[in-house]
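Notes follow once the structure below has been shown.
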Amino acid sequence: MNQNQAKEYYEKLFVNYPDVLSVEEATTLLGFKSQTAIIRRIHQHRIRCLKVGRSFMIPKEYLIDYLLDS
């Protein structure tokens with residue numbers, strides 16, 4: 001499966017999720033056990049995000065980019 005096919009697959013897989021996710025929602029979506037894992041990847045610049053006040057908001061497309069880079 002090439003990168004374009006993988007991106008289309010993830011877009012279809014995540015169609016029922018909101019376009020912008022909280023850290024908690026991203027944790028559930030990716031199947032991680034704790035929110036700390038997501039926050040750690042944000043601080044390592046592996047997952048891009050938007051900072052809104054003190055919260056991190058992650059556009060769905062940024063999560064797809066993270067999955068494609070992994």
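Ordered as shown in the structure tokens, chains take letters A, B, and onward, while each chain numbers its residues from 1 and ligands are numbered from 1 in the order shown.
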
**Glu24 of chain A surroundings by only C-alpha atoms, 12 Å radius, close-in-sequence under 5 positions cut, as a ChimeraX atom specification** = /A:29-39,55-58

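For chain A, backbone-based DSSP labels the following residues as strand (DSSP E): A:Val20, A:Leu21, A:Ser22, A:Leu50, A:Lys51, A:Val52, A:Ser55, A:Phe56, A:Met57, A:Ile58, A:Pro59.
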
Here atom CA of Ala26 of chain A and atom CA of Pro59 of chain A stand apart by 9.4 Å

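Here atom CA of Val23 of chain A is placed at a distance of 14.9 Å from atom CA of Gln44 of chain A.
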
Nearest to Ala6 of chain A, restricted to only C-alpha atoms and choosing among A:Arg41, A:Thr28, A:Leu68, A:Arg48, comes out as A:Leu68

Give the alpha helix (DSSP H) residues of segment 5-67 of chain A, as DSSP finds them on the backbone, and put them as an MDAnalysis selection string. chainID A and resid 5:13 23:30 35:43 60:67

Between A:Val52, A:Leu21, A:Ile47, A:Leu13, smallest distance to Ser70 of chain A by only C-alpha atoms belongs to A:Ile47

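Across the model, the gap from atom CA of Arg40 of chain A to atom CA of Glu61 of chain A is 18.8 Å.
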